[in-house]
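Chemist: My questions all concern the structure below.
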Amino acid sequence: MTTIRTDHPALQRVRATGRLSVKHSDGRTRIDRLFQEGAAKIRFPAPESPAIEAVLINTAGGLTGGDTVDWTINAATGTRLTLTTQACEKVYRAAGGHAEISVSLKAGADARIAWLPQETILFDRSALRRRLNVDLAPGAGILLLEATIFGRAAMGEHVETAMFSDRWRVRVEGSLIHAEDFRIGPAIATQLAGPAVAGGGRAVATLLMIGDGAERMLEPARAIIGEHGGASHWRIGSTGKLLARLVATDGYALRARLMPLVGLLNGQAGLPKIWTS
């Protein structure tokens with residue numbers, strides 16, 4: 001008698017947790033605490049300098065349903081920290097469930113964080129939930145970027161069906177000053193084709209700058225963005241906020257405008273070195 005097994009072995013899942021704290025000492029930003037577990041790794045091209053650049057790595061090489069990545073970053077008073085990723089994060093077809101990326105950023109008084117990961121690439125039938133939570137002390141500044149590509153045109157990739165959600169919450173002294181929830185799917189190709197969504201574009205990006213000087217960047221930012229996107233500025237109490245969105249036909253066209261825009265908004269720190277290496 002032959003027995004047919006109906007159970008399935010548990011699939012191995014990515015569990016990546018990285019935590020980084022930096023402090024200000026002797027006129028420099030220095031590493032204070034570092035924790036990395038699972039597929040999460042953090043590397044530093046120059047670990048002690050006036051401003052630290054940290055490179056976040058998912059050694060699994062991509063994500064699928066059930067995988068989780070969790071980054072927690074704390075920049076103490078007066079520090080300067082730029083965070084980027086070693087490569088684009090790829091989100092592959094999901095057999096079940098969602099991939100989860102959670103990011104928590106905290107900046108002390110007069111600290112500055114630039115969150116500048118390289119693009120996230122979604123494949124057909126992928127599923128991703130991304131969450132970004134930010135807490136700023138008085139006088140802190142932050143530059144946030146998330147860019148998403150729905151299939152690489154140069155590789156012949158086409159995303160017809162997928163699920164994607166992106167949730168941002170930004171607080172200053174505990175008060176909510178920016179919140180957004182973006183959800184798209186499952187018929188992503190149809191939805192992206194809509195004129196009120198992406199007009200057929202397959203690559204999008206959102207940048208948010210909070211802090212002194214945001215208002216001065218508005219017109220230069222609009223000049224870089226051009227017709228395929230937009231930028232606005234608000235003042236909430238003593239806090240300045242600049243929000244920019246870009247849409248492009250593909251990842252190459254998106255990066256052509258994204259790189260000068262990031263270089264502008266990130267001031268003297270400019271682009272992360274790994275973006276141009």
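Going by the structure tokens order, chains are called A, B, ..., each with residues numbered from 1, while ligands are numbered from 1 in the order shown.
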What's around region 196-208 of chain A at 9 Å? Count only C-alpha atoms, leave out sequence neighbours fewer than 4 positions away in its own chain, and write the answer as a PyMOL selection string.

Modeler: chain A and resi 119+142-153+159+189-192+241-254+258+262

Chemist: Do a neighbour search on Val172 (chain A) at 9 Å with only C-alpha atoms, toss out local chain neighbours closer than 2 positions, and write the hits as a PyMOL selection string.

Modeler: chain A and resi 134-138+140+170+174-177+239

Chemist: Go through region 151-247 of chain A and flag each residue having an atom no more than 8 Å from region 264-272 of chain A; for those, report the closest pair of atoms plus their distance in Å to one decimal, using only C-alpha atoms, ordered by chain and rising number, as a Markdown table.

Modeler:
| residue | atom | partner | partner_atom | distance |
| --- | --- | --- | --- | --- |
| A:Met209 | CA | A:Leu265 | CA | 7.4 |
| A:Met217 | CA | A:Leu265 | CA | 7.0 |
| A:Ala221 | CA | A:Leu264 | CA | 7.6 |

Chemist: Go ahead and save the residues from that selection, with C-alpha atoms, as a PDB file, in the first residue's frame.

Modeler:
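The resulting file, selection_17.pdb, is reproduced below:
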ATOM      1  CA  MET A 209      13.242  66.138   3.796  1.00  0.00           C
ATOM      2  CA  MET A 217      15.458  73.373  -1.790  1.00  0.00           C
ATOM      3  CA  ALA A 221      14.249  70.212  -6.600  1.00  0.00           C
TER       4      ALA A 221
END

Chemist: Choose the residue, out of A:Ala154, A:Ala94, A:Val103, A:Val14, that has the smallest atom-to-atom separation from Leu128 (chain A); count only C-alpha atoms.

Modeler: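 Distance minimum relative to Leu128 (chain A) lands on A:Ala94.
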
Chemist: So which residues touch region 21-27 of chain A within 12 Å, counting only C-alpha atoms, skipping near sequence neighbours fewer than 2 positions away, as a ChimeraX atom specification?

Modeler: /A:18-19,29-36,42,47-54,71-83,104-113

Chemist: Out of region 74-214 of chain A, which residues get alpha helix (DSSP H) from DSSP, as a list in words?

Modeler: Ile188, Ala189, Thr190, Gln191 and Leu192 of chain A

Chemist: Any chance you could list, as a ChimeraX atom specification, the residues in region 6-134 of chain A that come up strand (DSSP E) when DSSP is run on the backbone?

Modeler: /A:15-25,28-38,40-43,52-58,68-75,80-85,89-91,99-107,112-115,120-122,127-134

Chemist: Using the selection just defined, write its residues with C-alpha atoms as an mmCIF file, in the first residue's frame.

Modeler:
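Output below, filename selection.cif:
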data_model
loop_
_atom_site.group_PDB
_atom_site.id
_atom_site.type_symbol
_atom_site.label_atom_id
_atom_site.label_comp_id
_atom_site.auth_asym_id
_atom_site.auth_seq_id
_atom_site.Cartn_x
_atom_site.Cartn_y
_atom_site.Cartn_z
ATOM 1 C CA ARG A 15 15.236 36.517 9.406
ATOM 2 C CA ALA A 16 17.407 39.631 9.337
ATOM 3 C CA THR A 17 17.778 42.011 12.284
ATOM 4 C CA GLY A 18 20.258 44.872 12.434
ATOM 5 C CA ARG A 19 20.623 47.578 15.072
ATOM 6 C CA LEU A 20 23.025 50.495 15.015
ATOM 7 C CA SER A 21 23.597 53.366 17.447
ATOM 8 C CA VAL A 22 26.069 56.193 16.879
ATOM 9 C CA LYS A 23 27.358 58.857 19.261
ATOM 10 C CA HIS A 24 29.229 62.147 19.020
ATOM 11 C CA SER A 25 32.713 62.160 20.516
ATOM 12 C CA ARG A 28 33.263 62.956 15.225
ATOM 13 C CA THR A 29 30.388 60.571 14.778
ATOM 14 C CA ARG A 30 31.452 57.192 16.149
ATOM 15 C CA ILE A 31 29.877 53.759 16.361
ATOM 16 C CA ASP A 32 28.350 53.242 19.794
ATOM 17 C CA ARG A 33 26.522 49.898 19.524
ATOM 18 C CA LEU A 34 26.148 47.387 16.719
ATOM 19 C CA PHE A 35 23.992 44.267 16.578
ATOM 20 C CA GLN A 36 23.431 42.039 13.562
ATOM 21 C CA GLU A 37 21.603 38.737 13.387
ATOM 22 C CA GLY A 38 20.600 36.324 10.670
ATOM 23 C CA ALA A 40 21.530 41.268 8.319
ATOM 24 C CA LYS A 41 25.008 42.772 8.084
ATOM 25 C CA ILE A 42 26.174 46.375 8.473
ATOM 26 C CA ARG A 43 29.465 47.591 7.041
ATOM 27 C CA ILE A 52 29.417 57.966 9.150
ATOM 28 C CA GLU A 53 28.130 56.102 6.115
ATOM 29 C CA ALA A 54 26.686 52.673 6.929
ATOM 30 C CA VAL A 55 25.961 50.060 4.273
ATOM 31 C CA LEU A 56 23.113 47.661 5.103
ATOM 32 C CA ILE A 57 23.288 44.180 3.607
ATOM 33 C CA ASN A 58 20.775 41.356 3.280
ATOM 34 C CA THR A 68 11.431 39.580 7.476
ATOM 35 C CA VAL A 69 14.045 42.324 7.620
ATOM 36 C CA ASP A 70 14.203 44.699 10.585
ATOM 37 C CA TRP A 71 16.553 47.691 10.859
ATOM 38 C CA THR A 72 16.674 49.877 14.001
ATOM 39 C CA ILE A 73 18.879 52.978 13.932
ATOM 40 C CA ASN A 74 19.602 55.486 16.712
ATOM 41 C CA ALA A 75 21.631 58.641 16.032
ATOM 42 C CA ARG A 80 25.633 62.705 11.229
ATOM 43 C CA LEU A 81 24.690 59.357 9.687
ATOM 44 C CA THR A 82 23.995 58.224 6.117
ATOM 45 C CA LEU A 83 22.431 54.806 5.579
ATOM 46 C CA THR A 84 22.261 52.974 2.274
ATOM 47 C CA THR A 85 22.162 49.407 0.970
ATOM 48 C CA GLU A 89 16.573 44.744 -2.670
ATOM 49 C CA LYS A 90 14.835 42.149 -4.844
ATOM 50 C CA VAL A 91 11.417 40.820 -3.857
ATOM 51 C CA ALA A 99 7.861 39.746 2.765
ATOM 52 C CA GLU A 100 8.199 42.333 5.540
ATOM 53 C CA ILE A 101 10.692 45.206 5.788
ATOM 54 C CA SER A 102 10.545 47.315 8.951
ATOM 55 C CA VAL A 103 12.726 50.367 9.536
ATOM 56 C CA SER A 104 12.883 52.408 12.742
ATOM 57 C CA LEU A 105 14.962 55.611 12.779
ATOM 58 C CA LYS A 106 15.549 57.824 15.813
ATOM 59 C CA ALA A 107 17.538 61.070 15.774
ATOM 60 C CA ARG A 112 20.935 64.290 11.010
ATOM 61 C CA ILE A 113 20.063 60.983 9.339
ATOM 62 C CA ALA A 114 19.925 60.303 5.610
ATOM 63 C CA TRP A 115 18.013 57.097 4.816
ATOM 64 C CA THR A 120 13.506 47.918 -4.301
ATOM 65 C CA ILE A 121 12.718 45.703 -7.309
ATOM 66 C CA LEU A 122 9.398 43.849 -7.323
ATOM 67 C CA ALA A 127 4.155 40.493 -2.050
ATOM 68 C CA LEU A 128 5.814 43.124 0.143
ATOM 69 C CA ARG A 129 4.870 45.150 3.195
ATOM 70 C CA ARG A 130 7.286 47.968 4.038
ATOM 71 C CA ARG A 131 7.083 50.062 7.206
ATOM 72 C CA LEU A 132 9.072 53.184 8.093
ATOM 73 C CA ASN A 133 8.846 54.818 11.540
ATOM 74 C CA VAL A 134 10.818 57.943 12.413
#

Chemist: Could you check how far CA of Pro220 (chain A) sits from CA of Met259 (chain A), in Å to one decimal?

Modeler: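 Going from CA of Pro220 (chain A) over to CA of Met259 (chain A) covers 13.6 Å.
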
Chemist: Between CA of Gly194 (chain A) and CA of Glu160 (chain A), what is the distance, to one decimal in Å?

Modeler: 13.9 Å

Chemist: Kindly give the distance, in Å, that separates CA of Arg216 (chain A) and CA of Ala231 (chain A), rounded to a single decimal.

Modeler: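 Interatomic distance, CA of Arg216 (chain A) to CA of Ala231 (chain A): 12.2 Å.
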